[in-house]
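Source file: data-v2.cif (mmCIF, C-alpha atoms and all ligand atoms)
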data_data
#
loop_
_atom_site.label_atom_id
_atom_site.label_comp_id
_atom_site.auth_asym_id
_atom_site.auth_seq_id
_atom_site.Cartn_x
_atom_site.Cartn_y
_atom_site.Cartn_z
CA MET A 1 79.37 13.18 17.50
CA THR A 2 77.25 15.24 19.83
CA LYS A 3 77.12 14.81 23.56
CA HIS A 4 74.95 11.90 24.57
CA ILE A 5 71.58 12.99 25.80
CA THR A 6 71.58 9.93 28.02
CA HIS A 7 74.91 10.86 29.62
CA THR A 8 74.35 10.57 33.34
CA GLY A 9 77.83 10.38 34.84
CA SER A 10 79.62 13.49 35.99
CA THR A 11 82.67 12.80 33.84
CA PHE A 12 82.78 13.11 30.08
CA VAL A 13 84.80 10.54 28.21
CA ILE A 14 87.03 11.35 25.24
CA GLY A 15 87.98 8.22 23.31
CA VAL A 16 91.50 8.63 21.94
CA THR A 17 92.36 6.49 18.98
CA GLY A 18 94.80 6.27 16.09
CA GLY A 19 96.86 3.73 14.22
CA ILE A 20 99.89 2.07 15.76
CA GLY A 21 102.60 4.67 16.31
CA SER A 22 100.34 7.62 15.44
CA GLY A 23 101.12 9.20 18.82
CA LYS A 24 98.18 8.26 21.09
CA THR A 25 100.40 7.66 24.11
CA THR A 26 102.38 10.85 23.49
CA VAL A 27 99.19 12.92 23.21
CA CYS A 28 97.57 11.33 26.29
CA ASN A 29 100.75 11.95 28.29
CA LEU A 30 100.65 15.62 27.29
CA PHE A 31 97.04 16.06 28.47
CA HIS A 32 98.11 14.47 31.73
CA GLU A 33 101.31 16.46 32.17
CA LEU A 34 99.89 19.83 31.17
CA PHE A 35 96.40 19.64 32.68
CA ALA A 36 96.36 16.60 35.02
CA ILE A 37 93.68 14.97 32.88
CA PRO A 38 93.26 11.31 33.89
CA VAL A 39 94.12 8.75 31.21
CA ILE A 40 92.52 5.31 31.17
CA ASP A 41 94.27 2.79 28.94
CA ALA A 42 92.15 0.03 27.35
CA ASP A 43 95.23 -2.06 26.54
CA ILE A 44 96.25 -2.19 30.20
CA ILE A 45 92.69 -3.03 31.28
CA ALA A 46 92.47 -5.79 28.67
CA LYS A 47 95.57 -7.39 30.20
CA ASP A 48 94.46 -6.85 33.80
CA VAL A 49 91.03 -8.49 33.46
CA VAL A 50 92.57 -11.81 32.41
CA LYS A 51 95.19 -11.90 35.15
CA LYS A 52 95.37 -14.83 37.56
CA ASN A 53 92.27 -15.27 39.75
CA GLN A 54 90.20 -12.82 37.70
CA PRO A 55 86.69 -14.11 36.84
CA ALA A 56 87.32 -13.60 33.11
CA LEU A 57 90.33 -15.92 33.22
CA GLN A 58 88.30 -18.53 35.07
CA ALA A 59 85.60 -18.26 32.39
CA ILE A 60 88.20 -18.66 29.63
CA VAL A 61 89.56 -21.80 31.28
CA ALA A 62 86.02 -23.19 31.73
CA GLU A 63 85.46 -22.68 28.00
CA PHE A 64 88.83 -23.60 26.49
CA GLY A 65 90.40 -25.85 29.14
CA GLU A 66 93.55 -25.65 31.26
CA ASP A 67 95.63 -25.86 28.08
CA VAL A 68 95.39 -22.09 27.68
CA LEU A 69 97.34 -21.56 30.92
CA THR A 70 101.09 -21.39 31.34
CA ASP A 71 102.80 -23.54 34.00
CA SER A 72 102.48 -20.67 36.44
CA GLY A 73 98.72 -20.33 35.82
CA GLU A 74 98.81 -17.18 33.69
CA LEU A 75 96.93 -16.85 30.42
CA ASP A 76 99.13 -18.14 27.61
CA ARG A 77 98.44 -15.27 25.20
CA PRO A 78 100.29 -16.62 22.14
CA LYS A 79 98.46 -19.94 22.54
CA VAL A 80 95.04 -18.28 22.79
CA LYS A 81 95.84 -16.04 19.86
CA LYS A 82 96.73 -19.10 17.79
CA LEU A 83 93.64 -20.96 18.95
CA VAL A 84 91.18 -18.26 17.89
CA PHE A 85 93.12 -17.06 14.85
CA SER A 86 91.49 -19.35 12.32
CA GLN A 87 88.32 -20.09 14.28
CA PRO A 88 85.89 -17.15 14.29
CA ALA A 89 83.39 -19.01 16.49
CA LYS A 90 86.00 -19.45 19.21
CA ARG A 91 87.09 -15.85 18.82
CA LYS A 92 83.47 -14.79 19.41
CA ILE A 93 83.28 -16.86 22.59
CA LEU A 94 86.52 -15.30 23.82
CA GLU A 95 85.28 -11.80 23.02
CA ARG A 96 81.99 -12.50 24.80
CA ILE A 97 83.98 -13.23 27.94
CA VAL A 98 86.62 -10.50 27.71
CA HIS A 99 84.73 -7.51 26.29
CA PRO A 100 82.13 -7.14 29.07
CA ALA A 101 84.89 -7.47 31.68
CA VAL A 102 86.88 -4.73 29.94
CA ARG A 103 83.85 -2.46 29.59
CA ASN A 104 82.94 -2.98 33.22
CA GLU A 105 86.43 -2.09 34.43
CA MET A 106 86.45 0.99 32.16
CA ARG A 107 83.23 2.16 33.77
CA VAL A 108 84.65 1.57 37.24
CA GLN A 109 87.75 3.63 36.40
CA ILE A 110 85.64 6.38 34.78
CA SER A 111 83.43 6.55 37.88
CA ARG A 112 86.50 7.29 40.01
CA VAL A 113 87.57 10.30 37.92
CA ASP A 114 87.29 13.60 39.76
CA LYS A 115 87.74 15.85 36.71
CA SER A 116 85.14 17.09 34.24
CA TYR A 117 86.55 14.80 31.56
CA CYS A 118 89.02 11.98 31.10
CA LEU A 119 90.75 10.32 28.17
CA LEU A 120 90.09 6.69 27.34
CA SER A 121 92.82 5.44 25.05
CA VAL A 122 91.52 2.66 22.79
CA PRO A 123 93.57 1.68 19.73
CA LEU A 124 90.63 0.03 17.97
CA ILE A 125 87.65 2.41 18.32
CA ALA A 126 87.10 2.56 14.56
CA GLU A 127 87.05 -1.23 14.40
CA SER A 128 84.58 -1.75 17.24
CA THR A 129 80.87 -1.18 16.81
CA ASP A 130 80.04 -0.14 20.37
CA LYS A 131 81.04 3.49 20.82
CA SER A 132 78.43 4.24 23.46
CA ILE A 133 80.97 4.74 26.24
CA PHE A 134 82.48 7.80 24.50
CA ASP A 135 81.13 11.34 24.49
CA ARG A 136 83.62 12.40 21.84
CA ILE A 137 86.28 10.74 19.74
CA LEU A 138 89.74 12.25 19.28
CA VAL A 139 91.79 10.78 16.46
CA VAL A 140 95.56 11.17 16.45
CA ASP A 141 96.58 11.16 12.83
CA CYS A 142 99.87 11.18 10.96
CA ASP A 143 101.17 10.39 7.48
CA GLU A 144 101.74 6.70 6.95
CA THR A 145 105.41 7.05 6.09
CA ILE A 146 106.06 8.94 9.35
CA GLN A 147 103.93 6.42 11.24
CA MET A 148 106.05 3.55 9.87
CA GLU A 149 109.33 5.27 10.71
CA ARG A 150 108.21 5.88 14.30
CA VAL A 151 106.99 2.32 14.86
CA ILE A 152 110.13 0.81 13.34
CA SER A 153 112.34 2.92 15.54
CA ARG A 154 110.22 2.38 18.69
CA ASP A 155 109.54 -1.36 18.36
CA ARG A 156 112.53 -2.43 16.22
CA LEU A 157 110.16 -4.27 13.89
CA ALA A 158 110.75 -5.22 10.27
CA ASN A 159 109.19 -3.09 7.59
CA GLU A 160 106.85 -5.89 6.46
CA THR A 161 105.67 -6.56 10.01
CA VAL A 162 104.65 -2.94 10.47
CA VAL A 163 102.87 -2.93 7.09
CA ALA A 164 100.95 -6.08 8.12
CA ILE A 165 99.90 -4.52 11.45
CA MET A 166 98.79 -1.33 9.72
CA LYS A 167 96.81 -3.31 7.14
CA ALA A 168 94.97 -5.20 9.89
CA GLN A 169 93.90 -1.90 11.47
CA ALA A 170 91.19 0.45 10.24
CA SER A 171 92.28 2.70 7.40
CA ARG A 172 93.23 6.29 8.05
CA GLU A 173 90.03 7.39 6.26
CA ASP A 174 87.82 5.12 8.39
CA ARG A 175 89.35 6.54 11.54
CA LEU A 176 89.00 10.14 10.42
CA ALA A 177 85.36 9.46 9.52
CA ILE A 178 84.49 8.79 13.18
CA ALA A 179 86.52 11.72 14.57
CA ASP A 180 84.99 14.64 16.43
CA ASP A 181 88.45 16.11 16.92
CA VAL A 182 91.76 15.44 15.19
CA ILE A 183 95.33 16.03 16.29
CA ILE A 184 97.79 16.05 13.40
CA ASN A 185 101.09 14.58 14.52
CA ASN A 186 103.34 15.03 11.51
CA GLY A 187 105.71 17.54 13.05
CA PRO A 188 107.98 17.58 16.08
CA THR A 189 106.42 16.92 19.50
CA SER A 190 106.70 20.65 20.25
CA GLN A 191 103.86 21.17 17.75
CA LEU A 192 101.59 18.96 19.83
CA ASN A 193 101.51 21.30 22.82
CA ASP A 194 99.45 23.99 21.12
CA GLN A 195 96.98 21.51 19.69
CA VAL A 196 96.54 19.85 23.09
CA GLN A 197 96.11 23.22 24.79
CA LEU A 198 93.41 24.30 22.30
CA LEU A 199 91.54 21.06 22.60
CA HIS A 200 91.68 21.15 26.38
CA GLU A 201 90.17 24.62 26.32
CA SER A 202 87.42 23.52 23.96
CA TYR A 203 86.63 20.49 26.13
CA GLN A 204 86.41 22.72 29.17
CA ASP A 205 83.94 24.98 27.34
CA LEU A 206 82.00 22.06 25.99
CA PHE A 207 81.70 20.25 29.28
CA ASN A 208 81.06 23.42 31.23
CA ALA A 209 83.97 22.65 33.44
CA ASP A 210 85.51 24.64 36.17
CA ASN A 211 88.23 22.14 37.04
P1 LIG B 301 100.97 5.10 19.83
O1 LIG B 301 100.67 5.18 21.31
O2 LIG B 301 99.90 5.68 18.99
O3 LIG B 301 101.39 3.73 19.36
P2 LIG B 301 103.32 6.67 20.54
O4 LIG B 301 102.79 7.86 21.23
O5 LIG B 301 103.93 5.58 21.37
O6 LIG B 301 102.22 6.06 19.55
O7 LIG B 301 104.37 7.19 19.45
C1 LIG B 301 105.09 6.25 18.65
C2 LIG B 301 106.58 6.57 18.72
O8 LIG B 301 106.82 7.79 18.05
C3 LIG B 301 107.10 6.75 20.14
O9 LIG B 301 108.43 6.28 20.20
C4 LIG B 301 107.05 8.27 20.34
O10 LIG B 301 108.02 8.71 21.25
C5 LIG B 301 107.36 8.77 18.93
N1 LIG B 301 106.68 10.03 18.60
C6 LIG B 301 105.37 10.32 18.78
N2 LIG B 301 105.09 11.56 18.32
C7 LIG B 301 106.26 12.06 17.85
C8 LIG B 301 106.64 13.30 17.24
N3 LIG B 301 105.75 14.27 17.01
N4 LIG B 301 107.93 13.46 16.88
C9 LIG B 301 108.83 12.48 17.08
N5 LIG B 301 108.55 11.28 17.64
C10 LIG B 301 107.27 11.05 18.03
#
How does the structure come out when it is put into structure tokens?
Amino acid sequence: MTKHITHTGSTFVIGVTGGIGSGKTTVCNLFHELFAIPVIDADIIAKDVVKKNQPALQAIVAEFGEDVLTDSGELDRPKVKKLVFSQPAKRKILERIVHPAVRNEMRVQISRVDKSYCLLSVPLIAESTDKSIFDRILVVDCDETIQMERVISRDRLANETVVAIMKAQASREDRLAIADDVIINNGPTSQLNDQVQLLHESYQDLFNADN
């Protein structure tokens, strides 16, 4: 992907994606530790925008009723998940409420960045159609057997559960097809440093940065 001609902000946005356990968090942490690059996490934003008293939560309640709240007034995530699971129309309504709120908050956080570029970690870039927020896409990739071992040891999940999660995500090929840059994470974490360093240098060149 080339830089957007319409890019008007002062910060360039690298979308970081990869399958579960591929190493997105590890890679983002390295950019932050080595070069103080800001990392914006879509998962955290998605949880924050539906917190108590947030407009998106009020809109969800207006649409689906108080039943989707826990006794303490928080969003009952398992209940909502169940509700929309087999009902695509309801899922669409939910997405129409949550997605704009997430995108808006992403833009707010991006606007506060005082570096030439930032990372926006989004597990599902390959699955979503709107990629307009990103200037480049960085895919963290690793062999599926390694990916499974890492998820099982991190999350203590059963083999079958991890397989099911991986199946529900975009395939490795689909992810690689949208990549501008790729970090291969098959080796020890020490091998990530060099790759991160090289990419950082190329981003600095690309974005004409002096910070
Ligand atoms: P993601 O954010 O993509 O789900 P993580 O960065 O959390 O993936 O990595 C998944 C797990 O694998 C974590 O426990 C992490 O510490 C571990 N891990 C990541 N990269 C490596 C590596 N190169 N070598 C060993 N363990 C790794």
Ligand LIG 301 (chain B) neighbours within 12 Å using all atoms listed in the file, as a PyMOL selection string: chain A and resi 16-30+41-43+121-124+139-143+146-156+162+165-166+183-193+195
Contacts of A:Gly15 within 6 Å, only C-alpha atoms, excl. fewer than 2 positions in-chain, as a PyMOL selection string: chain A and resi 119-121+134+137-138
9 Å contact set for stretch 87-93 of chain A, all atoms listed in the file, chain neighbours under 5 positions out, as number ranges by chain: A: 60, 63-64, 81, 98
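Atom pair atom CA of A:Val80 / atom CA of A:Ile125: separated by 22.4 Å.
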Please report, as AutoDock Vina command-line options, the centre and edge lengths in Å to one decimal of an axis-aligned box covering all listed atoms of stretch 44-56 of chain A with 5 Å per side.
--center_x 91.5 --center_y -8.7 --center_z 34.2 --size_x 19.6 --size_y 23.1 --size_z 21.1
All residues 7 Å or closer to A:Val49, all atoms listed in the file, same chain fewer than 3 positions away omitted, as an NGL selection string: :A and (45-46 or 54 or 56 or 101-102)
Given all atoms listed in the file as the counted atoms, nearest of A:His32, A:Arg136, A:Arg107, A:Lys131 to A:Val196: A:His32
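Residues surrounding A:Glu127 within 9 Å are Pro123, Gln169, Ala170, Asp174 and Arg175 of chain A [only C-alpha atoms; sequence separation below 4 positions excluded].
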